[in-house]
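Undergrad: Provided below: my_file-v7.cif, containing mmCIF, C-alpha atoms.
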```
data_data
#
loop_
_atom_site.label_atom_id
_atom_site.label_comp_id
_atom_site.auth_asym_id
_atom_site.auth_seq_id
_atom_site.Cartn_x
_atom_site.Cartn_y
_atom_site.Cartn_z
CA MET A 1 15.44 30.21 7.35
CA ALA A 2 16.01 29.86 3.61
CA GLY A 3 16.81 26.35 2.47
CA PRO A 4 17.51 24.92 -0.98
CA ASP A 5 14.86 25.79 -3.55
CA TYR A 6 14.72 22.62 -5.66
CA THR A 7 12.11 21.91 -8.31
CA ALA A 8 9.92 18.85 -7.89
CA ILE A 9 11.83 17.02 -10.64
CA GLU A 10 15.18 17.85 -9.03
CA LEU A 11 13.89 16.43 -5.77
CA LEU A 12 12.44 13.41 -7.55
CA THR A 13 15.90 12.74 -9.03
CA ARG A 14 17.31 12.58 -5.51
CA LEU A 15 14.45 10.48 -4.10
CA VAL A 16 14.58 7.89 -6.88
CA ALA A 17 18.34 7.48 -6.31
CA PHE A 18 17.58 5.91 -2.91
CA ASP A 19 16.93 2.18 -3.31
CA THR A 20 14.05 1.89 -0.85
CA THR A 21 12.80 -1.53 -1.92
CA SER A 22 10.60 -2.70 0.94
CA HIS A 23 12.99 -5.36 2.26
CA LYS A 24 15.72 -2.73 2.69
CA SER A 25 16.20 0.05 5.23
CA ASN A 26 14.65 3.44 4.41
CA LEU A 27 16.77 5.40 6.90
CA ALA A 28 18.91 7.05 4.21
CA ILE A 29 15.93 8.64 2.46
CA ILE A 30 14.42 9.61 5.81
CA ALA A 31 17.67 11.33 6.77
CA PHE A 32 17.67 13.20 3.45
CA ILE A 33 14.08 14.40 3.94
CA GLU A 34 14.77 15.25 7.58
CA ASP A 35 17.80 17.36 6.63
CA TYR A 36 15.96 19.07 3.76
CA LEU A 37 13.10 20.05 6.08
CA LEU A 38 15.51 21.26 8.76
CA GLN A 39 17.25 23.51 6.22
CA HIS A 40 13.83 25.15 5.78
CA GLY A 41 13.38 25.49 9.52
CA VAL A 42 10.92 22.59 9.79
CA ARG A 43 11.48 20.14 12.63
CA SER A 44 10.35 16.57 12.13
CA HIS A 45 9.82 13.51 14.31
CA ARG A 46 10.77 9.92 13.58
CA VAL A 47 8.76 6.86 14.50
CA VAL A 48 11.30 4.03 14.33
CA ASP A 49 10.43 0.35 13.99
CA GLU A 50 11.59 -2.35 16.41
CA SER A 51 14.58 -3.26 14.26
CA GLY A 52 15.83 0.31 14.16
CA GLU A 53 16.26 -0.05 10.39
CA LYS A 54 13.10 1.74 9.25
CA ALA A 55 11.27 4.88 10.26
CA CYS A 56 8.30 7.08 9.52
CA LEU A 57 8.74 10.83 9.55
CA TYR A 58 6.17 13.45 10.56
CA ALA A 59 6.46 17.23 10.36
CA THR A 60 4.19 20.26 10.73
CA ILE A 61 4.31 23.61 8.91
CA GLY A 62 2.14 26.29 10.44
CA PRO A 63 0.44 26.51 13.82
CA GLU A 64 1.63 23.78 16.17
CA HIS A 65 -0.65 21.75 18.41
CA THR A 66 -3.48 22.20 15.90
CA ALA A 67 -5.10 19.52 13.76
CA GLY A 68 -4.49 20.33 10.12
CA VAL A 69 -4.23 18.66 6.73
CA ALA A 70 -1.68 15.86 6.37
CA LEU A 71 -0.06 15.07 3.03
CA SER A 72 0.86 11.42 3.24
CA GLY A 73 3.06 9.15 1.14
CA HIS A 74 5.17 6.01 1.49
CA THR A 75 8.90 5.93 0.91
CA ASP A 76 9.23 2.26 -0.09
CA VAL A 77 9.07 0.83 -3.60
CA VAL A 78 8.56 -2.63 -5.09
CA PRO A 79 11.51 -4.73 -6.33
CA VAL A 80 13.01 -4.45 -9.80
CA ASP A 81 14.19 -8.08 -9.75
CA GLY A 82 13.29 -10.00 -12.90
CA GLN A 83 12.18 -6.88 -14.77
CA ALA A 84 13.80 -5.81 -18.04
CA TRP A 85 14.58 -2.12 -17.53
CA SER A 86 16.09 -0.16 -20.41
CA SER A 87 18.08 2.03 -18.00
CA ASP A 88 19.17 2.07 -14.35
CA PRO A 89 15.92 1.96 -12.29
CA PHE A 90 17.45 4.20 -9.62
CA THR A 91 18.70 6.90 -11.99
CA LEU A 92 15.97 9.28 -13.13
CA ARG A 93 15.60 9.58 -16.89
CA GLN A 94 13.45 12.14 -18.76
CA GLU A 95 12.31 11.51 -22.29
CA ASP A 96 9.38 12.78 -24.39
CA GLY A 97 7.55 14.31 -21.45
CA LYS A 98 7.93 11.18 -19.30
CA ILE A 99 10.02 10.67 -16.17
CA TYR A 100 11.37 7.13 -15.70
CA GLY A 101 12.59 5.49 -12.50
CA ARG A 102 11.50 3.05 -9.82
CA GLY A 103 9.01 4.85 -7.64
CA ALA A 104 8.66 7.83 -10.00
CA CYS A 105 4.95 7.06 -10.22
CA ASP A 106 4.37 5.07 -7.02
CA MET A 107 4.85 7.30 -5.20
CA LYS A 108 7.99 9.39 -5.02
CA GLY A 109 6.49 11.82 -7.54
CA TYR A 110 4.03 12.87 -4.85
CA LEU A 111 6.75 13.01 -2.19
CA ALA A 112 8.80 15.28 -4.47
CA CYS A 113 5.82 17.61 -4.86
CA MET A 114 5.30 17.67 -1.10
CA LEU A 115 8.93 18.63 -0.51
CA ALA A 116 9.14 21.11 -3.39
CA SER A 117 6.12 22.89 -1.88
CA VAL A 118 7.75 23.38 1.51
CA PRO A 119 9.27 26.81 0.70
CA GLY A 120 5.87 28.00 -0.52
CA PHE A 121 4.13 26.61 2.57
CA LYS A 122 6.69 28.30 4.82
CA ALA A 123 6.18 31.66 3.08
CA ARG A 124 2.45 31.64 3.88
CA LYS A 125 0.74 32.69 7.08
CA LEU A 126 -1.09 29.40 7.43
CA LYS A 127 -4.14 29.36 9.64
CA VAL A 128 -4.52 25.60 9.13
CA PRO A 129 -1.26 23.67 9.54
CA ILE A 130 0.02 21.37 6.81
CA HIS A 131 1.48 18.14 8.15
CA LEU A 132 3.89 16.00 6.12
CA ALA A 133 3.76 12.24 6.75
CA PHE A 134 6.23 9.75 5.30
CA SER A 135 5.76 6.02 5.92
CA TYR A 136 7.52 2.74 5.12
CA ASP A 137 6.47 -0.78 4.05
CA GLU A 138 3.23 0.26 2.39
CA GLU A 139 3.97 -2.11 -0.48
CA VAL A 140 4.02 -5.14 1.83
CA GLY A 141 0.73 -4.51 3.61
CA CYS A 142 0.66 -0.90 4.84
CA LEU A 143 2.78 -1.93 7.80
CA GLY A 144 4.82 1.18 8.61
CA VAL A 145 2.02 3.70 8.79
CA ARG A 146 0.33 1.83 11.65
CA PRO A 147 2.85 2.73 14.40
CA MET A 148 2.81 6.35 13.18
CA ILE A 149 -0.98 6.49 13.45
CA ALA A 150 -0.70 4.94 16.90
CA GLU A 151 1.31 8.01 17.96
CA PHE A 152 -1.38 10.49 16.87
CA GLY A 153 -2.64 12.32 19.92
CA LYS A 154 0.45 11.21 21.88
CA THR A 155 3.83 12.23 20.50
CA LEU A 156 2.43 13.44 17.16
CA GLN A 157 -0.32 15.95 16.39
CA LYS A 158 -3.29 14.05 15.00
CA PRO A 159 -4.34 15.49 11.62
CA ARG A 160 -7.92 16.53 10.98
CA LEU A 161 -7.71 15.50 7.32
CA VAL A 162 -5.33 13.31 5.31
CA ILE A 163 -4.65 13.43 1.57
CA VAL A 164 -2.94 10.19 0.53
CA GLY A 165 -1.07 10.84 -2.72
CA GLU A 166 -1.19 7.45 -4.40
CA PRO A 167 -1.28 7.69 -8.21
CA THR A 168 -4.84 8.58 -9.27
CA SER A 169 -4.00 10.88 -12.22
CA MET A 170 -4.98 13.66 -9.78
CA GLN A 171 -8.56 12.41 -9.69
CA VAL A 172 -10.32 12.25 -6.34
CA VAL A 173 -10.69 8.67 -5.09
CA ASP A 174 -13.04 8.10 -2.18
CA ALA A 175 -13.22 4.28 -2.09
CA HIS A 176 -10.98 1.27 -2.59
CA LYS A 177 -10.95 -2.45 -1.91
CA GLY A 178 -9.15 -4.00 1.05
CA PRO A 179 -6.65 -6.82 0.57
CA VAL A 180 -6.48 -9.63 3.11
CA ARG A 181 -3.80 -12.31 2.66
CA TRP A 182 -3.31 -15.78 4.07
CA GLN A 183 -0.59 -18.44 4.02
CA VAL A 184 -1.55 -22.12 3.94
CA GLU A 185 0.84 -24.95 4.81
CA VAL A 186 -0.15 -28.55 4.13
CA SER A 187 1.96 -31.25 5.81
CA GLY A 188 1.69 -34.80 4.53
CA ARG A 189 3.99 -37.82 4.57
CA ALA A 190 6.72 -38.61 2.10
CA ALA A 191 6.91 -42.03 0.42
CA HIS A 192 8.33 -43.61 -2.69
CA SER A 193 6.04 -42.66 -5.55
CA SER A 194 5.57 -46.36 -6.36
CA MET A 195 4.11 -46.86 -2.88
CA ALA A 196 1.74 -43.92 -2.87
CA HIS A 197 -0.61 -45.59 -0.38
CA LEU A 198 2.07 -45.29 2.32
CA GLY A 199 2.27 -41.52 2.00
CA VAL A 200 0.00 -38.50 2.13
CA ASN A 201 0.26 -36.24 -0.90
CA ALA A 202 0.33 -32.68 0.42
CA ILE A 203 -0.10 -31.22 -3.07
CA THR A 204 -3.26 -33.24 -3.64
CA TYR A 205 -4.84 -31.82 -0.49
CA GLY A 206 -3.52 -28.36 -1.31
CA ALA A 207 -5.31 -28.66 -4.65
CA ARG A 208 -8.56 -29.53 -2.87
CA LEU A 209 -8.24 -26.41 -0.74
CA ILE A 210 -7.54 -24.32 -3.84
CA SER A 211 -10.66 -25.77 -5.47
CA GLU A 212 -12.69 -24.61 -2.47
CA ILE A 213 -11.17 -21.14 -2.84
CA GLU A 214 -12.20 -21.17 -6.50
CA ARG A 215 -15.77 -22.03 -5.50
CA MET A 216 -15.84 -19.12 -3.07
CA GLU A 217 -14.42 -16.83 -5.75
CA ALA A 218 -17.25 -17.78 -8.12
CA GLU A 219 -19.80 -16.96 -5.42
CA LEU A 220 -18.21 -13.57 -4.67
CA LYS A 221 -18.59 -12.56 -8.31
CA VAL A 222 -22.34 -12.87 -7.83
CA THR A 223 -22.89 -11.87 -4.20
CA SER A 224 -20.49 -8.92 -3.84
CA ARG A 225 -21.00 -6.30 -6.51
CA ASN A 226 -20.39 -2.60 -6.69
CA GLU A 227 -20.36 -1.17 -10.19
CA ARG A 228 -18.06 1.69 -9.17
CA PHE A 229 -15.15 -0.75 -9.13
CA ASP A 230 -13.27 -2.53 -11.91
CA PRO A 231 -13.87 -5.42 -11.61
CA PRO A 232 -17.17 -4.73 -9.83
CA TYR A 233 -16.84 -7.59 -7.30
CA ALA A 234 -14.44 -8.82 -4.64
CA THR A 235 -11.65 -10.93 -6.13
CA LEU A 236 -10.26 -14.06 -4.48
CA GLN A 237 -7.25 -15.87 -5.89
CA VAL A 238 -4.21 -17.99 -5.11
CA THR A 239 -1.09 -15.86 -5.59
CA LYS A 240 1.80 -18.20 -4.82
CA LEU A 241 2.26 -21.99 -4.83
CA GLU A 242 5.14 -24.33 -4.04
CA GLY A 243 5.56 -27.94 -2.98
CA GLY A 244 7.17 -31.28 -3.56
CA THR A 245 10.75 -32.53 -3.52
CA ALA A 246 11.28 -34.78 -6.56
CA ASN A 247 9.24 -36.52 -9.22
CA ASN A 248 9.60 -39.90 -7.51
CA ILE A 249 8.69 -38.77 -4.00
CA ILE A 250 5.17 -38.32 -2.65
CA PRO A 251 5.24 -34.62 -1.65
CA VAL A 252 5.38 -34.06 2.07
CA TYR A 253 4.60 -30.36 1.90
CA CYS A 254 2.60 -27.84 -0.08
CA ARG A 255 2.51 -24.13 0.62
CA PHE A 256 0.43 -21.48 -1.04
CA GLY A 257 -0.73 -17.94 -0.47
CA PHE A 258 -4.11 -16.47 -1.36
CA GLU A 259 -5.78 -13.12 -1.02
CA VAL A 260 -9.13 -11.44 -1.22
CA ARG A 261 -9.55 -7.88 -2.48
CA ALA A 262 -12.63 -7.20 -0.45
CA LEU A 263 -15.37 -4.69 -0.99
CA ALA A 264 -16.91 -3.09 2.08
CA GLY A 265 -19.37 -5.56 3.58
CA VAL A 266 -17.59 -8.73 2.42
CA ASP A 267 -17.34 -11.23 5.28
CA VAL A 268 -13.58 -11.78 5.30
CA ASP A 269 -13.77 -13.79 8.53
CA GLY A 270 -16.39 -15.97 6.86
CA ILE A 271 -14.01 -16.79 3.99
CA GLU A 272 -11.35 -17.93 6.45
CA ARG A 273 -13.89 -19.83 8.54
CA ARG A 274 -15.22 -21.70 5.51
CA LEU A 275 -11.75 -22.78 4.37
CA ARG A 276 -10.85 -23.93 7.88
CA THR A 277 -14.07 -25.94 8.10
CA PHE A 278 -13.37 -27.51 4.71
CA ALA A 279 -9.87 -28.45 5.84
CA GLU A 280 -11.07 -29.88 9.14
CA THR A 281 -13.96 -31.91 7.73
CA GLN A 282 -12.95 -32.81 4.16
CA CYS A 283 -9.16 -33.12 4.30
CA ILE A 284 -7.52 -33.63 7.70
CA PRO A 285 -9.46 -36.74 8.84
CA GLU A 286 -8.60 -38.53 5.61
CA MET A 287 -4.97 -37.41 5.77
CA ARG A 288 -4.54 -38.60 9.35
CA ARG A 289 -5.86 -42.06 8.65
CA ALA A 290 -2.58 -42.69 6.86
CA ALA A 291 -0.37 -40.20 8.73
CA PRO A 292 -1.36 -38.98 12.20
CA GLU A 293 1.24 -36.22 11.94
CA ALA A 294 -0.36 -34.71 8.83
CA GLY A 295 -2.07 -31.38 9.09
CA ILE A 296 -3.10 -28.05 7.55
CA ALA A 297 -2.19 -24.65 8.99
CA ILE A 298 -3.99 -21.52 7.77
CA THR A 299 -2.47 -18.21 8.91
CA ARG A 300 -3.73 -14.72 8.18
CA ALA A 301 -0.69 -12.73 7.07
CA ASN A 302 -2.02 -9.21 6.65
CA THR A 303 -5.20 -7.13 6.56
CA VAL A 304 -5.73 -3.73 4.96
CA PRO A 305 -9.28 -2.46 5.48
CA PRO A 306 -11.52 -1.50 2.57
CA TYR A 307 -11.89 2.24 2.40
CA ALA A 308 -14.91 4.40 1.79
CA ALA A 309 -14.84 8.08 2.64
CA LEU A 310 -17.25 9.13 5.33
CA GLU A 311 -20.50 10.64 4.10
CA GLY A 312 -20.12 14.41 3.94
CA SER A 313 -16.36 14.10 4.54
CA GLU A 314 -14.48 17.38 4.72
CA ALA A 315 -11.52 15.62 3.09
CA THR A 316 -13.63 14.77 0.03
CA SER A 317 -15.04 18.27 -0.34
CA LEU A 318 -11.57 19.81 0.07
CA ALA A 319 -10.00 17.55 -2.57
CA LEU A 320 -12.82 18.26 -5.02
CA HIS A 321 -12.38 21.98 -4.39
CA LEU A 322 -8.60 21.85 -4.91
CA THR A 323 -8.86 19.80 -8.12
CA GLY A 324 -11.86 21.66 -9.53
CA GLN A 325 -13.70 18.36 -9.96
CA ASN A 326 -17.25 17.43 -9.03
CA THR A 327 -17.13 13.63 -9.12
CA THR A 328 -15.22 10.99 -7.17
CA HIS A 329 -13.90 7.59 -8.21
CA ALA A 330 -13.30 4.12 -6.77
CA VAL A 331 -10.23 1.93 -7.36
CA SER A 332 -9.35 -1.72 -6.79
CA TYR A 333 -5.86 -1.18 -5.39
CA ALA A 334 -5.30 -0.40 -1.72
CA THR A 335 -3.83 2.59 0.10
CA GLU A 336 -3.22 3.77 3.65
CA ALA A 337 -6.39 5.91 3.57
CA GLY A 338 -8.57 3.40 5.39
CA LEU A 339 -6.04 3.09 8.21
CA PHE A 340 -5.90 6.87 8.66
CA GLN A 341 -9.69 7.01 8.66
CA ASP A 342 -9.94 4.18 11.19
CA GLY A 343 -7.50 6.21 13.29
CA GLY A 344 -9.93 9.12 13.34
CA SER A 345 -8.66 11.32 10.49
CA ALA A 346 -10.99 11.89 7.52
CA SER A 347 -9.07 10.74 4.44
CA ILE A 348 -9.08 10.99 0.67
CA VAL A 349 -6.79 9.66 -2.09
CA CYS A 350 -5.45 12.00 -4.78
CA GLY A 351 -2.02 12.03 -6.35
CA PRO A 352 -0.03 12.30 -9.59
CA GLY A 353 0.58 9.44 -12.00
CA ASP A 354 -1.36 6.52 -13.43
CA ILE A 355 -1.47 3.28 -11.42
CA ALA A 356 -1.06 1.38 -14.72
CA GLN A 357 2.58 2.55 -14.80
CA ALA A 358 3.29 1.57 -11.18
CA HIS A 359 5.31 -1.58 -10.38
CA THR A 360 6.29 -2.05 -14.05
CA ALA A 361 9.66 -2.18 -15.79
CA ASP A 362 10.52 1.35 -16.95
CA GLU A 363 8.01 2.79 -14.48
CA TRP A 364 7.17 6.35 -15.47
CA ILE A 365 5.12 9.43 -14.70
CA LEU A 366 4.20 12.28 -17.01
CA GLU A 367 5.91 15.60 -16.32
CA SER A 368 2.46 17.17 -16.70
CA GLU A 369 1.24 15.13 -13.72
CA ILE A 370 3.96 16.67 -11.57
CA ASP A 371 2.86 20.12 -12.77
CA LYS A 372 -0.77 19.35 -11.89
CA CYS A 373 0.22 18.18 -8.43
CA MET A 374 2.27 21.30 -7.79
CA GLY A 375 -0.78 23.39 -8.72
CA PHE A 376 -2.81 21.32 -6.25
CA MET A 377 -0.25 22.07 -3.51
CA ALA A 378 -0.35 25.80 -4.24
CA ARG A 379 -4.14 25.83 -4.02
CA LEU A 380 -3.95 23.91 -0.73
CA ALA A 381 -1.68 26.65 0.65
CA ASP A 382 -4.19 29.28 -0.51
CA TRP A 383 -6.96 27.42 1.30
CA ALA A 384 -4.92 26.92 4.48
CA GLU A 385 -4.01 30.63 4.61
CA ARG A 386 -7.56 31.94 4.52
#
```
So that I can check it, write out the structure of this file as structure tokens.
TA:
Amino acid sequence: MAGPDYTAIELLTRLVAFDTTSHKSNLAIIAFIEDYLLQHGVRSHRVVDESGEKACLYATIGPEHTAGVALSGHTDVVPVDGQAWSSDPFTLRQEDGKIYGRGACDMKGYLACMLASVPGFKARKLKVPIHLAFSYDEEVGCLGVRPMIAEFGKTLQKPRLVIVGEPTSMQVVDAHKGPVRWQVEVSGRAAHSSMAHLGVNAITYGARLISEIERMEAELKVTSRNERFDPPYATLQVTKLEGGTANNIIPVYCRFGFEVRALAGVDVDGIERRLRTFAETQCIPEMRRAAPEAGIAITRANTVPPYAALEGSEATSLALHLTGQNTTHAVSYATEAGLFQDGGSASIVCGPGDIAQAHTADEWILESEIDKCMGFMARLADWAER
């Protein structure tokens, strides 16, 4: 079956036009990809979330019921709110060798290359199947890929290898940090600010907790080091803070979020345990002397595991072969690679674009990066046909 033969940039124009900001449904872009694949005679399978508003998509080209190489990318993008774009973020713009649009770099450029390669994949007599995996909600904690991985070996063919196409400038990345995020809620007691002794200042105790986080951060800079990363240590920081009602009211609440970008081997549970112990011994008893109802709640919001490719990984050697490189790299941002690997599929990260352009106003990717990725796809087809 002969379907439409679009270039990668033509497909990228269509993909960028879908506003797939993480808090919105991605079903429209999934339907577009599903229809495009079907026009090329490729059946795909949805894994729908509980709300019915989001879905992953998984397809196989080549021998069925065989573990092959999965090309994996997420369909969601980060918000454009508060950013000063010089043109419509969801209308692709080309200028001076650059392609502008939300998600052009992270990571619809890779998705476009995957889809543009489908006719070429279909024309080959593949001995190793090429799977196409599209996820949702990667930008908010790699949430959507998890139910898809859970279906591997059940309703979906489990891939032998996975190439996650996050922007690496087509360099081979075999390690990244793992973000873990928490929410902290401090409940005090409101009082007139002139009668501070009758209240419990939630912001004051929130500040004490933040100071303890700062102390742990300073220790991590010394105790967790790996010079492959930039920065070469696990980072720990408060990322959001709110509290208080008015300048003349003792604040009854304080809420903040914090995260660690952990290196492999960092005791994430120990970080949480230490903050809980600090709260229970240094803050809550004092708070409850004035207000028995006062308290501190610490909730882990999300965990993405640190990733390090398995020693002697076939995914690593394949990516190096396809790129013609002989060295690998480590990055501080996170991807879905560790989740695929924990699910039993050897994984590697390699995709077009520079992470420095991701998430920014006037996000862009070089046209030459798209060309390099298309060459990578063609060489993958050569390899899978042998």
Undergrad: What lies within 8 Å of region 20-29 of chain A using all atoms listed in the file, ignoring chain neighbours under 2 positions off, as number ranges by chain?
TA: A: 15, 18, 31-33, 53-55, 75-79, 136-137, 139-140
Undergrad: List the residues selected by the PyMOL selection byres ((chain A and resi 96) around 12) in the file shown, writing them as an MDAnalysis selection string.
TA: chainID A and resid 93:95 97:100 364:368
Undergrad: Would you list the residues near (-2.0, 16.7, -8.0), meaning any protein, DNA or RNA residue with an atom at most 6 Å from that point in file coordinates, counting only C-alpha atoms, as number ranges by chain?
TA: A: 170, 351-352, 372-373, 376
Undergrad: Enumerate, as an NGL selection string, the residues matched when the PyMOL selection byres ((chain A and resi 312-322) around 8) is run on the file above.
TA: :A and (161-163 or 172 or 174 or 309-311 or 323-328 or 346-348 or 350 or 376 or 379-380)
Undergrad: Evaluated on this file, the PyMOL selection byres ((chain A and resi 209) around 12) picks out some residues - which ones are they, written as JSON, numbers by chain?
TA: {"A": [184, 185, 186, 202, 203, 204, 205, 206, 207, 208, 210, 211, 212, 213, 214, 215, 216, 237, 238, 254, 255, 256, 257, 258, 272, 274, 275, 276, 277, 278, 279, 280, 281, 282, 283, 284, 296, 297, 298]}
Undergrad: List every residue of region 166-259 of chain A that has an atom at most 10 Å from any atom of region 332-345 of chain A, giving for each one its closest atom pair and the distance in Å to one decimal, counting only C-alpha atoms, sorted by chain and then by ascending residue number, as JSON lines.
TA:
```
{"residue": "A:Glu166", "atom": "CA", "partner": "A:Thr335", "partner_atom": "CA", "distance": 7.1}
{"residue": "A:Asp174", "atom": "CA", "partner": "A:Ala337", "partner_atom": "CA", "distance": 9.1}
{"residue": "A:Ala175", "atom": "CA", "partner": "A:Ser332", "partner_atom": "CA", "distance": 8.5}
{"residue": "A:His176", "atom": "CA", "partner": "A:Ser332", "partner_atom": "CA", "distance": 5.4}
{"residue": "A:Lys177", "atom": "CA", "partner": "A:Ser332", "partner_atom": "CA", "distance": 5.2}
{"residue": "A:Gly178", "atom": "CA", "partner": "A:Ala334", "partner_atom": "CA", "distance": 6.0}
{"residue": "A:Pro179", "atom": "CA", "partner": "A:Ala334", "partner_atom": "CA", "distance": 6.9}
{"residue": "A:Arg228", "atom": "CA", "partner": "A:Ser332", "partner_atom": "CA", "distance": 9.7}
{"residue": "A:Phe229", "atom": "CA", "partner": "A:Ser332", "partner_atom": "CA", "distance": 6.3}
{"residue": "A:Asp230", "atom": "CA", "partner": "A:Ser332", "partner_atom": "CA", "distance": 6.5}
{"residue": "A:Pro231", "atom": "CA", "partner": "A:Ser332", "partner_atom": "CA", "distance": 7.6}
{"residue": "A:Pro232", "atom": "CA", "partner": "A:Ser332", "partner_atom": "CA", "distance": 8.9}
{"residue": "A:Tyr233", "atom": "CA", "partner": "A:Ser332", "partner_atom": "CA", "distance": 9.5}
{"residue": "A:Ala234", "atom": "CA", "partner": "A:Ser332", "partner_atom": "CA", "distance": 9.0}
{"residue": "A:Thr235", "atom": "CA", "partner": "A:Ser332", "partner_atom": "CA", "distance": 9.5}
```
Undergrad: Which one of A:Met107, A:Val260, A:Gln157, A:Ala384 sits closest to Glu217 (chain A) if you count all atoms listed in the file?
TA: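 Comparing A:Met107, A:Val260, A:Gln157, A:Ala384 against Glu217 (chain A), the winner is A:Val260.
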Undergrad: Rank A:Leu12, A:Leu220, A:Ala116, A:Val47 by their smallest atom-to-atom distance to Lys154 (chain A), using all atoms listed in the file, and report the top residue only.
TA: A:Val47
Undergrad: What is the distance between CA of Lys221 (chain A) and CA of Gln183 (chain A), in Å to one decimal?
TA: 22.6 Å
Undergrad: Hey, which of A:His65, A:Cys105, A:Leu111, A:Ala17 ends up closest to Thr155 (chain A)? Count all atoms listed in the file.
TA: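 Under the stated criterion, the closest residue is A:His65.
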